[in-house]
$ cat run-v3.json   # JSON, C-alpha atoms
[["chain", "number", "residue", "atom", "x", "y", "z"],
["A", 1, "MET", "CA", 38.22, -60.65, 48.31],
["A", 2, "LEU", "CA", 34.76, -62.12, 48.71],
["A", 3, "ALA", "CA", 34.45, -65.85, 49.23],
["A", 4, "ALA", "CA", 33.02, -67.84, 46.33],
["A", 5, "ALA", "CA", 29.87, -68.62, 48.36],
["A", 6, "TRP", "CA", 29.11, -64.90, 48.80],
["A", 7, "LEU", "CA", 29.62, -64.26, 45.10],
["A", 8, "GLN", "CA", 27.37, -67.17, 44.11],
["A", 9, "ARG", "CA", 24.69, -65.93, 46.49],
["A", 10, "ALA", "CA", 24.98, -62.41, 45.04],
["A", 11, "ARG", "CA", 24.67, -63.80, 41.52],
["A", 12, "THR", "CA", 21.47, -65.64, 42.46],
["A", 13, "VAL", "CA", 20.00, -62.56, 44.15],
["A", 14, "LEU", "CA", 20.77, -60.41, 41.09],
["A", 15, "GLN", "CA", 19.39, -62.97, 38.64],
["A", 16, "THR", "CA", 16.12, -63.14, 40.57],
["A", 17, "GLY", "CA", 15.51, -59.38, 40.61],
["A", 18, "GLY", "CA", 17.05, -58.65, 44.00],
["A", 19, "LEU", "CA", 18.85, -55.61, 45.32],
["A", 20, "ILE", "CA", 22.29, -55.76, 46.89],
["A", 21, "GLY", "CA", 24.49, -53.46, 48.95],
["A", 22, "TYR", "CA", 28.25, -53.66, 48.48],
["A", 23, "PRO", "CA", 31.49, -51.67, 48.91],
["A", 24, "THR", "CA", 32.86, -49.56, 46.07],
["A", 25, "GLU", "CA", 35.87, -47.29, 45.60],
["A", 26, "GLY", "CA", 34.75, -44.67, 48.11],
["A", 27, "VAL", "CA", 31.26, -45.41, 49.44],
["A", 28, "TYR", "CA", 28.85, -48.29, 49.79],
["A", 29, "GLY", "CA", 26.73, -48.85, 46.71],
["A", 30, "LEU", "CA", 23.35, -50.29, 45.90],
["A", 31, "GLY", "CA", 22.99, -52.41, 42.81],
["A", 32, "CYS", "CA", 20.87, -54.65, 40.66],
["A", 33, "ASP", "CA", 20.64, -56.18, 37.18],
["A", 34, "PRO", "CA", 20.45, -53.27, 34.70],
["A", 35, "GLY", "CA", 18.18, -55.29, 32.42],
["A", 36, "ASP", "CA", 15.55, -55.89, 35.11],
["A", 37, "GLU", "CA", 13.18, -52.92, 34.97],
["A", 38, "ALA", "CA", 11.28, -53.96, 38.12],
["A", 39, "ALA", "CA", 14.53, -54.19, 40.11],
["A", 40, "VAL", "CA", 15.71, -50.79, 38.83],
["A", 41, "ARG", "CA", 12.36, -49.20, 39.70],
["A", 42, "ARG", "CA", 12.50, -50.76, 43.18],
["A", 43, "LEU", "CA", 16.03, -49.40, 43.64],
["A", 44, "CYS", "CA", 15.01, -45.90, 42.58],
["A", 45, "THR", "CA", 11.99, -45.99, 44.90],
["A", 46, "LEU", "CA", 14.23, -47.08, 47.77],
["A", 47, "LYS", "CA", 16.62, -44.21, 47.09],
["A", 48, "GLN", "CA", 13.78, -41.73, 46.44],
["A", 49, "ARG", "CA", 15.48, -41.07, 43.10],
["A", 50, "PRO", "CA", 13.58, -40.32, 39.90],
["A", 51, "LEU", "CA", 14.20, -42.68, 36.98],
["A", 52, "SER", "CA", 14.83, -39.60, 34.84],
["A", 53, "ALA", "CA", 18.09, -39.01, 36.77],
["A", 54, "GLY", "CA", 19.70, -42.06, 35.14],
["A", 55, "LEU", "CA", 22.02, -44.56, 36.80],
["A", 56, "ILE", "CA", 25.66, -45.65, 36.59],
["A", 57, "LEU", "CA", 26.75, -49.08, 35.38],
["A", 58, "ILE", "CA", 29.96, -50.59, 36.71],
["A", 59, "ALA", "CA", 31.92, -53.36, 35.05],
["A", 60, "ALA", "CA", 35.01, -55.41, 35.78],
["A", 61, "ASP", "CA", 36.48, -54.49, 32.38],
["A", 62, "ALA", "CA", 35.54, -52.89, 29.07],
["A", 63, "ARG", "CA", 34.46, -56.24, 27.57],
["A", 64, "GLN", "CA", 31.55, -56.38, 30.04],
["A", 65, "LEU", "CA", 30.24, -53.11, 28.61],
["A", 66, "ALA", "CA", 29.89, -54.50, 25.06],
["A", 67, "GLY", "CA", 26.37, -53.75, 23.88],
["A", 68, "TYR", "CA", 25.73, -51.36, 26.76],
["A", 69, "ILE", "CA", 27.88, -48.66, 25.20],
["A", 70, "ALA", "CA", 28.29, -47.48, 21.60],
["A", 71, "PRO", "CA", 31.39, -45.34, 21.91],
["A", 72, "ASN", "CA", 33.14, -43.49, 19.15],
["A", 73, "GLU", "CA", 36.95, -43.76, 18.98],
["A", 74, "ARG", "CA", 37.57, -40.80, 21.29],
["A", 75, "GLU", "CA", 35.13, -42.04, 23.95],
["A", 76, "LEU", "CA", 36.57, -45.55, 23.89],
["A", 77, "ALA", "CA", 40.14, -44.24, 24.09],
["A", 78, "ARG", "CA", 39.30, -42.18, 27.18],
["A", 79, "LEU", "CA", 37.50, -45.07, 28.86],
["A", 80, "LEU", "CA", 40.36, -47.48, 28.24],
["A", 81, "ALA", "CA", 43.11, -45.00, 29.15],
["A", 82, "ALA", "CA", 41.54, -44.34, 32.55],
["A", 83, "ALA", "CA", 40.70, -47.97, 33.37],
["A", 84, "GLY", "CA", 42.42, -49.04, 36.57],
["A", 85, "GLU", "CA", 43.71, -45.53, 37.34],
["A", 86, "ARG", "CA", 41.04, -44.26, 39.69],
["A", 87, "ALA", "CA", 37.27, -44.14, 39.97],
["A", 88, "ILE", "CA", 36.11, -42.18, 36.94],
["A", 89, "THR", "CA", 32.60, -42.53, 35.59],
["A", 90, "TRP", "CA", 32.26, -41.70, 31.90],
["A", 91, "LEU", "CA", 29.19, -40.54, 29.98],
["A", 92, "ILE", "CA", 29.38, -42.50, 26.72],
["A", 93, "GLY", "CA", 26.96, -43.14, 23.87],
["A", 94, "ALA", "CA", 24.43, -45.77, 24.97],
["A", 95, "GLY", "CA", 24.36, -49.13, 23.20],
["A", 96, "PRO", "CA", 21.36, -51.31, 22.31],
["A", 97, "LEU", "CA", 21.42, -53.24, 25.62],
["A", 98, "THR", "CA", 21.04, -50.08, 27.70],
["A", 99, "ALA", "CA", 17.40, -49.49, 28.58],
["A", 100, "PRO", "CA", 15.83, -46.06, 29.04],
["A", 101, "TRP", "CA", 15.36, -46.80, 32.75],
["A", 102, "ILE", "CA", 19.17, -46.74, 33.02],
["A", 103, "THR", "CA", 19.83, -43.66, 30.86],
["A", 104, "GLY", "CA", 16.90, -41.62, 32.10],
["A", 105, "GLY", "CA", 15.83, -41.43, 28.46],
["A", 106, "ARG", "CA", 19.09, -39.87, 27.24],
["A", 107, "ASP", "CA", 21.34, -41.11, 24.45],
["A", 108, "GLN", "CA", 24.31, -41.51, 26.82],
["A", 109, "VAL", "CA", 24.96, -43.93, 29.65],
["A", 110, "ALA", "CA", 27.22, -43.43, 32.69],
["A", 111, "VAL", "CA", 29.76, -46.27, 33.02],
["A", 112, "ARG", "CA", 32.77, -47.02, 35.18],
["A", 113, "ILE", "CA", 35.32, -49.78, 35.02],
["A", 114, "THR", "CA", 35.55, -50.32, 38.75],
["A", 115, "THR", "CA", 38.89, -50.23, 40.51],
["A", 116, "HIS", "CA", 37.47, -51.87, 43.64],
["A", 117, "PRO", "CA", 38.45, -55.57, 43.68],
["A", 118, "MET", "CA", 35.27, -56.75, 45.42],
["A", 119, "ALA", "CA", 33.00, -54.77, 43.09],
["A", 120, "ALA", "CA", 34.91, -56.15, 40.10],
["A", 121, "ALA", "CA", 34.59, -59.71, 41.44],
["A", 122, "LEU", "CA", 30.87, -59.13, 41.87],
["A", 123, "CYS", "CA", 30.54, -58.03, 38.22],
["A", 124, "VAL", "CA", 32.49, -61.10, 37.09],
["A", 125, "ALA", "CA", 30.35, -63.43, 39.21],
["A", 126, "ALA", "CA", 27.15, -61.81, 37.93],
["A", 127, "GLY", "CA", 28.39, -62.08, 34.34],
["A", 128, "MET", "CA", 27.28, -58.54, 33.54],
["A", 129, "PRO", "CA", 27.74, -54.91, 34.43],
["A", 130, "LEU", "CA", 25.71, -53.82, 37.44],
["A", 131, "VAL", "CA", 23.72, -50.78, 38.35],
["A", 132, "SER", "CA", 25.81, -48.93, 40.91],
["A", 133, "THR", "CA", 24.43, -46.01, 42.85],
["A", 134, "SER", "CA", 25.54, -44.68, 46.20],
["A", 135, "ALA", "CA", 23.77, -46.10, 49.26],
["A", 136, "ASN", "CA", 21.78, -43.09, 50.35],
["A", 137, "ARG", "CA", 18.33, -41.58, 50.11],
["A", 138, "ARG", "CA", 17.99, -38.56, 47.86],
["A", 139, "GLY", "CA", 19.70, -35.51, 49.32],
["A", 140, "ARG", "CA", 21.49, -37.46, 52.05],
["A", 141, "PRO", "CA", 25.18, -38.41, 52.28],
["A", 142, "PRO", "CA", 26.17, -41.90, 51.10],
["A", 143, "ALA", "CA", 26.90, -44.74, 53.51],
["A", 144, "ARG", "CA", 30.62, -44.85, 54.32],
["A", 145, "SER", "CA", 30.47, -47.81, 56.72],
["A", 146, "LEU", "CA", 28.85, -51.21, 56.76],
["A", 147, "LEU", "CA", 26.98, -50.18, 59.91],
["A", 148, "GLN", "CA", 25.46, -47.15, 58.14],
["A", 149, "LEU", "CA", 24.46, -49.32, 55.18],
["A", 150, "ARG", "CA", 22.75, -51.83, 57.47],
["A", 151, "ARG", "CA", 20.99, -49.13, 59.50],
["A", 152, "TRP", "CA", 19.71, -47.23, 56.49],
["A", 153, "PHE", "CA", 18.83, -50.11, 54.14],
["A", 154, "GLY", "CA", 19.33, -53.47, 55.87],
["A", 155, "ALA", "CA", 15.74, -54.71, 55.87],
["A", 156, "GLU", "CA", 15.10, -53.39, 52.35],
["A", 157, "LEU", "CA", 17.99, -55.13, 50.61],
["A", 158, "ASP", "CA", 18.07, -58.78, 49.60],
["A", 159, "LEU", "CA", 21.80, -59.11, 50.32],
["A", 160, "ILE", "CA", 24.55, -57.00, 51.84],
["A", 161, "LEU", "CA", 28.12, -57.95, 50.92],
["A", 162, "PRO", "CA", 30.58, -57.20, 53.70],
["A", 163, "GLY", "CA", 33.91, -55.56, 53.10],
["A", 164, "PRO", "CA", 35.75, -52.28, 53.21],
["A", 165, "THR", "CA", 35.32, -49.45, 50.75],
["A", 166, "GLY", "CA", 38.32, -48.22, 48.83],
["A", 167, "ALA", "CA", 40.46, -45.23, 49.72],
["A", 168, "ALA", "CA", 38.45, -42.63, 47.76],
["A", 169, "VAL", "CA", 36.71, -40.11, 50.01],
["A", 170, "GLY", "CA", 33.37, -40.07, 48.20],
["A", 171, "PRO", "CA", 31.52, -40.88, 45.00],
["A", 172, "SER", "CA", 33.35, -41.10, 41.67],
["A", 173, "GLU", "CA", 34.16, -38.25, 39.36],
["A", 174, "ILE", "CA", 31.89, -38.02, 36.32],
["A", 175, "ARG", "CA", 33.28, -36.88, 32.95],
["A", 176, "ASP", "CA", 31.91, -36.55, 29.46],
["A", 177, "ALA", "CA", 33.86, -39.06, 27.37],
["A", 178, "MET", "CA", 33.56, -37.00, 24.19],
["A", 179, "THR", "CA", 34.92, -33.73, 25.60],
["A", 180, "GLY", "CA", 36.73, -34.86, 28.75],
["A", 181, "ARG", "CA", 34.83, -32.17, 30.68],
["A", 182, "VAL", "CA", 34.33, -32.87, 34.40],
["A", 183, "LEU", "CA", 30.61, -32.92, 35.21],
["A", 184, "ARG", "CA", 30.97, -33.90, 38.87],
["A", 185, "PRO", "CA", 34.28, -33.55, 40.70],
["A", 186, "GLY", "CA", 35.40, -36.81, 42.17],
["A", 187, "ALA", "CA", 37.05, -38.13, 45.23],
["A", 188, "ALA", "CA", 40.75, -38.91, 45.14],
["A", 189, "GLY", "CA", 41.82, -42.34, 46.10]]
$ encode --input "run-v3.json" --output "structure tokens"
Amino acid sequence: MLAAAWLQRARTVLQTGGLIGYPTEGVYGLGCDPGDEAAVRRLCTLKQRPLSAGLILIAADARQLAGYIAPNERELARLLAAAGERAITWLIGAGPLTAPWITGGRDQVAVRITTHPMAAALCVAAGMPLVSTSANRRGRPPARSLLQLRRWFGAELDLILPGPTGAAVGPSEIRDAMTGRVLRPGAAG
């Protein structure tokens, strides 16, 4: 688990529009405050990713997603049933706090209740869900080691949180919460 000093530093960086790198369930991620349009735009520029692609939000628990999602009963049931199982990202109806720069202009938002203890602690320390996107440039594989993360993004990030990734072998599975349909196969872990 991250030391309290690291978490406080991460909170400050996020609250001031900074970008962070951190371990997730299967790869290193890049993140920022989802409500900070300038930070999200900077992140997308860094990744060479169009805003229209949309971004994932991670949270420590479902309560952190209040206002960011507007699920129906079926969507909420699927999100809650899978929480803590493994890394599944769900497309769910977007709530009033979710900006178009997160959804890519769609009426759904991609969310995951993270199973990685450090990522969850980071969300708790920040007091909000976080943008979470794999640490890679568009079309390239994601960073699987701290060394790769530092080589590829070190000078461009405001903070890199050290620690191991989880046991998953890649990015999370993405499913439609209404239908349960798998949109992107995920890594086991």
$ atom_distance --input "run-v3.json" --atom1 "CA of Ile88 in chain A" --atom2 "CA of Leu183 in chain A"
10.9 Å
$ atom_distance --input "run-v3.json" --atom1 "CA of Gln108 in chain A" --atom2 "CA of Arg49 in chain A"
18.5 Å
$ closest_residue --input "run-v3.json" --among "A:Gly105, A:Gly163, A:Pro23, A:Pro129" --to "Ala3 in chain A" --atoms "all atoms listed in the file"
A:Gly163
$ atom_distance --input "run-v3.json" --atom1 "CA of Ala83 in chain A" --atom2 "CA of Arg63 in chain A"
11.9 Å
$ closest_residue --input "run-v3.json" --among "A:Trp90, A:Leu157, A:Leu80, A:Asp107" --to "Arg42 in chain A" --atoms "only C-alpha atoms"
A:Leu157
$ closest_residue --input "run-v3.json" --among "A:Gly127, A:Pro71, A:Pro117, A:Pro141" --to "Leu91 in chain A" --atoms "all atoms listed in the file"
A:Pro71
$ decode --input "run-v3.json" --residues "range 29-180 of chain A" --atoms "C-alpha atoms" --output "PDB file, in the first residue's frame"
ATOM      1  CA  GLY A  29      -2.268   3.781 -15.945  1.00  0.00           C
ATOM      2  CA  LEU A  30      -2.328   7.499 -16.510  1.00  0.00           C
ATOM      3  CA  GLY A  31      -4.868   9.566 -14.664  1.00  0.00           C
ATOM      4  CA  CYS A  32      -6.240  12.946 -13.741  1.00  0.00           C
ATOM      5  CA  ASP A  33      -9.293  14.679 -12.279  1.00  0.00           C
ATOM      6  CA  PRO A  34     -12.246  13.877 -14.589  1.00  0.00           C
ATOM      7  CA  GLY A  35     -13.757  17.295 -13.931  1.00  0.00           C
ATOM      8  CA  ASP A  36     -10.677  19.199 -15.104  1.00  0.00           C
ATOM      9  CA  GLU A  37     -11.057  19.666 -18.857  1.00  0.00           C
ATOM     10  CA  ALA A  38      -7.547  21.086 -19.305  1.00  0.00           C
ATOM     11  CA  ALA A  39      -6.006  18.079 -17.524  1.00  0.00           C
ATOM     12  CA  VAL A  40      -8.066  15.625 -19.607  1.00  0.00           C
ATOM     13  CA  ARG A  41      -7.068  17.393 -22.827  1.00  0.00           C
ATOM     14  CA  ARG A  42      -3.408  17.330 -21.767  1.00  0.00           C
ATOM     15  CA  LEU A  43      -3.696  13.603 -21.026  1.00  0.00           C
ATOM     16  CA  CYS A  44      -5.266  12.869 -24.404  1.00  0.00           C
ATOM     17  CA  THR A  45      -2.589  14.916 -26.181  1.00  0.00           C
ATOM     18  CA  LEU A  46       0.110  12.996 -24.310  1.00  0.00           C
ATOM     19  CA  LYS A  47      -1.424   9.678 -25.347  1.00  0.00           C
ATOM     20  CA  GLN A  48      -2.154  10.894 -28.900  1.00  0.00           C
ATOM     21  CA  ARG A  49      -5.755   9.870 -28.232  1.00  0.00           C
ATOM     22  CA  PRO A  50      -8.755  11.764 -29.605  1.00  0.00           C
ATOM     23  CA  LEU A  51     -11.223  13.103 -27.028  1.00  0.00           C
ATOM     24  CA  SER A  52     -13.976  11.454 -29.064  1.00  0.00           C
ATOM     25  CA  ALA A  53     -12.657   8.029 -27.960  1.00  0.00           C
ATOM     26  CA  GLY A  54     -13.868   8.627 -24.396  1.00  0.00           C
ATOM     27  CA  LEU A  55     -12.091   7.627 -21.192  1.00  0.00           C
ATOM     28  CA  ILE A  56     -12.581   5.227 -18.291  1.00  0.00           C
ATOM     29  CA  LEU A  57     -13.240   6.348 -14.730  1.00  0.00           C
ATOM     30  CA  ILE A  58     -12.091   4.174 -11.847  1.00  0.00           C
ATOM     31  CA  ALA A  59     -13.444   4.348  -8.316  1.00  0.00           C
ATOM     32  CA  ALA A  60     -12.755   2.688  -4.994  1.00  0.00           C
ATOM     33  CA  ASP A  61     -16.439   1.731  -4.657  1.00  0.00           C
ATOM     34  CA  ALA A  62     -19.834   2.410  -6.208  1.00  0.00           C
ATOM     35  CA  ARG A  63     -20.501   5.359  -3.865  1.00  0.00           C
ATOM     36  CA  GLN A  64     -17.680   7.304  -5.550  1.00  0.00           C
ATOM     37  CA  LEU A  65     -19.517   7.014  -8.864  1.00  0.00           C
ATOM     38  CA  ALA A  66     -22.651   8.794  -7.575  1.00  0.00           C
ATOM     39  CA  GLY A  67     -23.466  11.583 -10.002  1.00  0.00           C
ATOM     40  CA  TYR A  68     -21.043  10.251 -12.605  1.00  0.00           C
ATOM     41  CA  ILE A  69     -23.368   7.415 -13.552  1.00  0.00           C
ATOM     42  CA  ALA A  70     -27.147   7.248 -13.991  1.00  0.00           C
ATOM     43  CA  PRO A  71     -27.688   3.508 -14.120  1.00  0.00           C
ATOM     44  CA  ASN A  72     -30.956   1.704 -14.469  1.00  0.00           C
ATOM     45  CA  GLU A  73     -31.588  -1.269 -12.155  1.00  0.00           C
ATOM     46  CA  ARG A  74     -29.996  -3.815 -14.506  1.00  0.00           C
ATOM     47  CA  GLU A  75     -26.847  -1.737 -15.026  1.00  0.00           C
ATOM     48  CA  LEU A  76     -26.424  -1.103 -11.313  1.00  0.00           C
ATOM     49  CA  ALA A  77     -26.958  -4.781 -10.485  1.00  0.00           C
ATOM     50  CA  ARG A  78     -24.239  -5.820 -12.940  1.00  0.00           C
ATOM     51  CA  LEU A  79     -21.807  -3.206 -11.655  1.00  0.00           C
ATOM     52  CA  LEU A  80     -22.337  -4.197  -8.027  1.00  0.00           C
ATOM     53  CA  ALA A  81     -22.300  -7.953  -8.685  1.00  0.00           C
ATOM     54  CA  ALA A  82     -18.909  -7.738 -10.397  1.00  0.00           C
ATOM     55  CA  ALA A  83     -17.297  -5.345  -7.895  1.00  0.00           C
ATOM     56  CA  GLY A  84     -14.222  -6.912  -6.357  1.00  0.00           C
ATOM     57  CA  GLU A  85     -14.320  -9.958  -8.660  1.00  0.00           C
ATOM     58  CA  ARG A  86     -11.916  -8.917 -11.378  1.00  0.00           C
ATOM     59  CA  ALA A  87     -11.163  -5.912 -13.545  1.00  0.00           C
ATOM     60  CA  ILE A  88     -14.330  -5.307 -15.544  1.00  0.00           C
ATOM     61  CA  THR A  89     -15.094  -1.921 -17.033  1.00  0.00           C
ATOM     62  CA  TRP A  90     -18.793  -1.263 -17.589  1.00  0.00           C
ATOM     63  CA  LEU A  91     -20.466   1.099 -20.042  1.00  0.00           C
ATOM     64  CA  ILE A  92     -23.280   2.664 -18.021  1.00  0.00           C
ATOM     65  CA  GLY A  93     -25.607   5.619 -18.538  1.00  0.00           C
ATOM     66  CA  ALA A  94     -23.684   8.831 -17.815  1.00  0.00           C
ATOM     67  CA  GLY A  95     -24.746  11.010 -14.896  1.00  0.00           C
ATOM     68  CA  PRO A  96     -24.785  14.814 -14.626  1.00  0.00           C
ATOM     69  CA  LEU A  97     -21.207  15.040 -13.277  1.00  0.00           C
ATOM     70  CA  THR A  98     -19.738  13.267 -16.306  1.00  0.00           C
ATOM     71  CA  ALA A  99     -18.507  15.791 -18.850  1.00  0.00           C
ATOM     72  CA  PRO A 100     -18.505  15.224 -22.609  1.00  0.00           C
ATOM     73  CA  TRP A 101     -14.699  15.184 -22.585  1.00  0.00           C
ATOM     74  CA  ILE A 102     -14.962  11.939 -20.584  1.00  0.00           C
ATOM     75  CA  THR A 103     -17.739  10.273 -22.604  1.00  0.00           C
ATOM     76  CA  GLY A 104     -16.530  11.376 -26.017  1.00  0.00           C
ATOM     77  CA  GLY A 105     -19.961  12.961 -26.421  1.00  0.00           C
ATOM     78  CA  ARG A 106     -21.887   9.720 -25.843  1.00  0.00           C
ATOM     79  CA  ASP A 107     -24.667   9.108 -23.341  1.00  0.00           C
ATOM     80  CA  GLN A 108     -22.690   6.340 -21.604  1.00  0.00           C
ATOM     81  CA  VAL A 109     -19.564   6.420 -19.486  1.00  0.00           C
ATOM     82  CA  ALA A 110     -17.013   3.637 -18.949  1.00  0.00           C
ATOM     83  CA  VAL A 111     -16.484   2.926 -15.225  1.00  0.00           C
ATOM     84  CA  ARG A 112     -14.652   0.344 -13.159  1.00  0.00           C
ATOM     85  CA  ILE A 113     -14.616  -0.310  -9.452  1.00  0.00           C
ATOM     86  CA  THR A 114     -10.923  -1.031  -9.213  1.00  0.00           C
ATOM     87  CA  THR A 115      -9.685  -4.232  -7.633  1.00  0.00           C
ATOM     88  CA  HIS A 116      -6.130  -2.893  -7.317  1.00  0.00           C
ATOM     89  CA  PRO A 117      -5.508  -1.809  -3.701  1.00  0.00           C
ATOM     90  CA  MET A 118      -3.167   1.062  -4.597  1.00  0.00           C
ATOM     91  CA  ALA A 119      -5.496   2.429  -7.278  1.00  0.00           C
ATOM     92  CA  ALA A 120      -8.403   2.211  -4.819  1.00  0.00           C
ATOM     93  CA  ALA A 121      -6.368   4.019  -2.142  1.00  0.00           C
ATOM     94  CA  LEU A 122      -5.556   6.703  -4.685  1.00  0.00           C
ATOM     95  CA  CYS A 123      -9.274   7.210  -5.450  1.00  0.00           C
ATOM     96  CA  VAL A 124     -10.046   7.423  -1.733  1.00  0.00           C
ATOM     97  CA  ALA A 125      -7.240   9.934  -1.138  1.00  0.00           C
ATOM     98  CA  ALA A 126      -8.362  12.032  -4.112  1.00  0.00           C
ATOM     99  CA  GLY A 127     -11.968  11.918  -2.889  1.00  0.00           C
ATOM    100  CA  MET A 128     -13.279  11.192  -6.382  1.00  0.00           C
ATOM    101  CA  PRO A 129     -13.178   8.739  -9.239  1.00  0.00           C
ATOM    102  CA  LEU A 130     -10.187   9.207 -11.517  1.00  0.00           C
ATOM    103  CA  VAL A 131      -9.615   9.091 -15.223  1.00  0.00           C
ATOM    104  CA  SER A 132      -7.775   5.846 -15.856  1.00  0.00           C
ATOM    105  CA  THR A 133      -6.257   5.066 -19.220  1.00  0.00           C
ATOM    106  CA  SER A 134      -3.411   2.726 -20.029  1.00  0.00           C
ATOM    107  CA  ALA A 135       0.075   4.258 -20.082  1.00  0.00           C
ATOM    108  CA  ASN A 136       0.825   4.123 -23.772  1.00  0.00           C
ATOM    109  CA  ARG A 137       0.771   6.250 -26.887  1.00  0.00           C
ATOM    110  CA  ARG A 138      -1.955   5.460 -29.390  1.00  0.00           C
ATOM    111  CA  GLY A 139      -1.360   2.152 -31.140  1.00  0.00           C
ATOM    112  CA  ARG A 140       1.429   1.083 -28.783  1.00  0.00           C
ATOM    113  CA  PRO A 141       1.340  -1.536 -26.004  1.00  0.00           C
ATOM    114  CA  PRO A 142       0.734  -0.299 -22.448  1.00  0.00           C
ATOM    115  CA  ALA A 143       3.517   0.037 -19.891  1.00  0.00           C
ATOM    116  CA  ARG A 144       3.820  -3.165 -17.857  1.00  0.00           C
ATOM    117  CA  SER A 145       6.745  -2.034 -15.687  1.00  0.00           C
ATOM    118  CA  LEU A 146       7.660   1.051 -13.730  1.00  0.00           C
ATOM    119  CA  LEU A 147      10.775   1.378 -15.889  1.00  0.00           C
ATOM    120  CA  GLN A 148       8.678   1.468 -19.082  1.00  0.00           C
ATOM    121  CA  LEU A 149       6.352   4.056 -17.546  1.00  0.00           C
ATOM    122  CA  ARG A 150       9.297   6.272 -16.593  1.00  0.00           C
ATOM    123  CA  ARG A 151      10.985   5.891 -19.982  1.00  0.00           C
ATOM    124  CA  TRP A 152       7.866   6.628 -21.988  1.00  0.00           C
ATOM    125  CA  PHE A 153       6.264   9.357 -19.860  1.00  0.00           C
ATOM    126  CA  GLY A 154       8.519  10.296 -16.934  1.00  0.00           C
ATOM    127  CA  ALA A 155       9.244  13.914 -17.845  1.00  0.00           C
ATOM    128  CA  GLU A 156       5.662  14.533 -18.985  1.00  0.00           C
ATOM    129  CA  LEU A 157       3.912  13.408 -15.800  1.00  0.00           C
ATOM    130  CA  ASP A 158       3.618  15.447 -12.622  1.00  0.00           C
ATOM    131  CA  LEU A 159       3.878  12.369 -10.381  1.00  0.00           C
ATOM    132  CA  ILE A 160       4.576   8.673 -10.783  1.00  0.00           C
ATOM    133  CA  LEU A 161       3.388   6.410  -7.974  1.00  0.00           C
ATOM    134  CA  PRO A 162       5.611   3.374  -7.517  1.00  0.00           C
ATOM    135  CA  GLY A 163       4.261  -0.098  -7.022  1.00  0.00           C
ATOM    136  CA  PRO A 164       3.480  -3.346  -8.770  1.00  0.00           C
ATOM    137  CA  THR A 165       0.607  -3.912 -11.142  1.00  0.00           C
ATOM    138  CA  GLY A 166      -1.910  -6.611 -10.371  1.00  0.00           C
ATOM    139  CA  ALA A 167      -1.907 -10.122 -11.787  1.00  0.00           C
ATOM    140  CA  ALA A 168      -4.039  -9.369 -14.869  1.00  0.00           C
ATOM    141  CA  VAL A 169      -2.099  -9.712 -18.119  1.00  0.00           C
ATOM    142  CA  GLY A 170      -3.421  -6.570 -19.803  1.00  0.00           C
ATOM    143  CA  PRO A 171      -6.126  -3.927 -19.850  1.00  0.00           C
ATOM    144  CA  SER A 172      -9.558  -4.603 -18.367  1.00  0.00           C
ATOM    145  CA  GLU A 173     -12.461  -6.240 -20.100  1.00  0.00           C
ATOM    146  CA  ILE A 174     -15.154  -3.815 -21.257  1.00  0.00           C
ATOM    147  CA  ARG A 175     -18.836  -4.825 -21.144  1.00  0.00           C
ATOM    148  CA  ASP A 176     -22.109  -3.100 -21.856  1.00  0.00           C
ATOM    149  CA  ALA A 177     -23.918  -2.962 -18.508  1.00  0.00           C
ATOM    150  CA  MET A 178     -27.364  -3.086 -20.112  1.00  0.00           C
ATOM    151  CA  THR A 179     -26.815  -6.199 -22.226  1.00  0.00           C
ATOM    152  CA  GLY A 180     -23.775  -7.808 -20.586  1.00  0.00           C
TER     153      GLY A 180
END
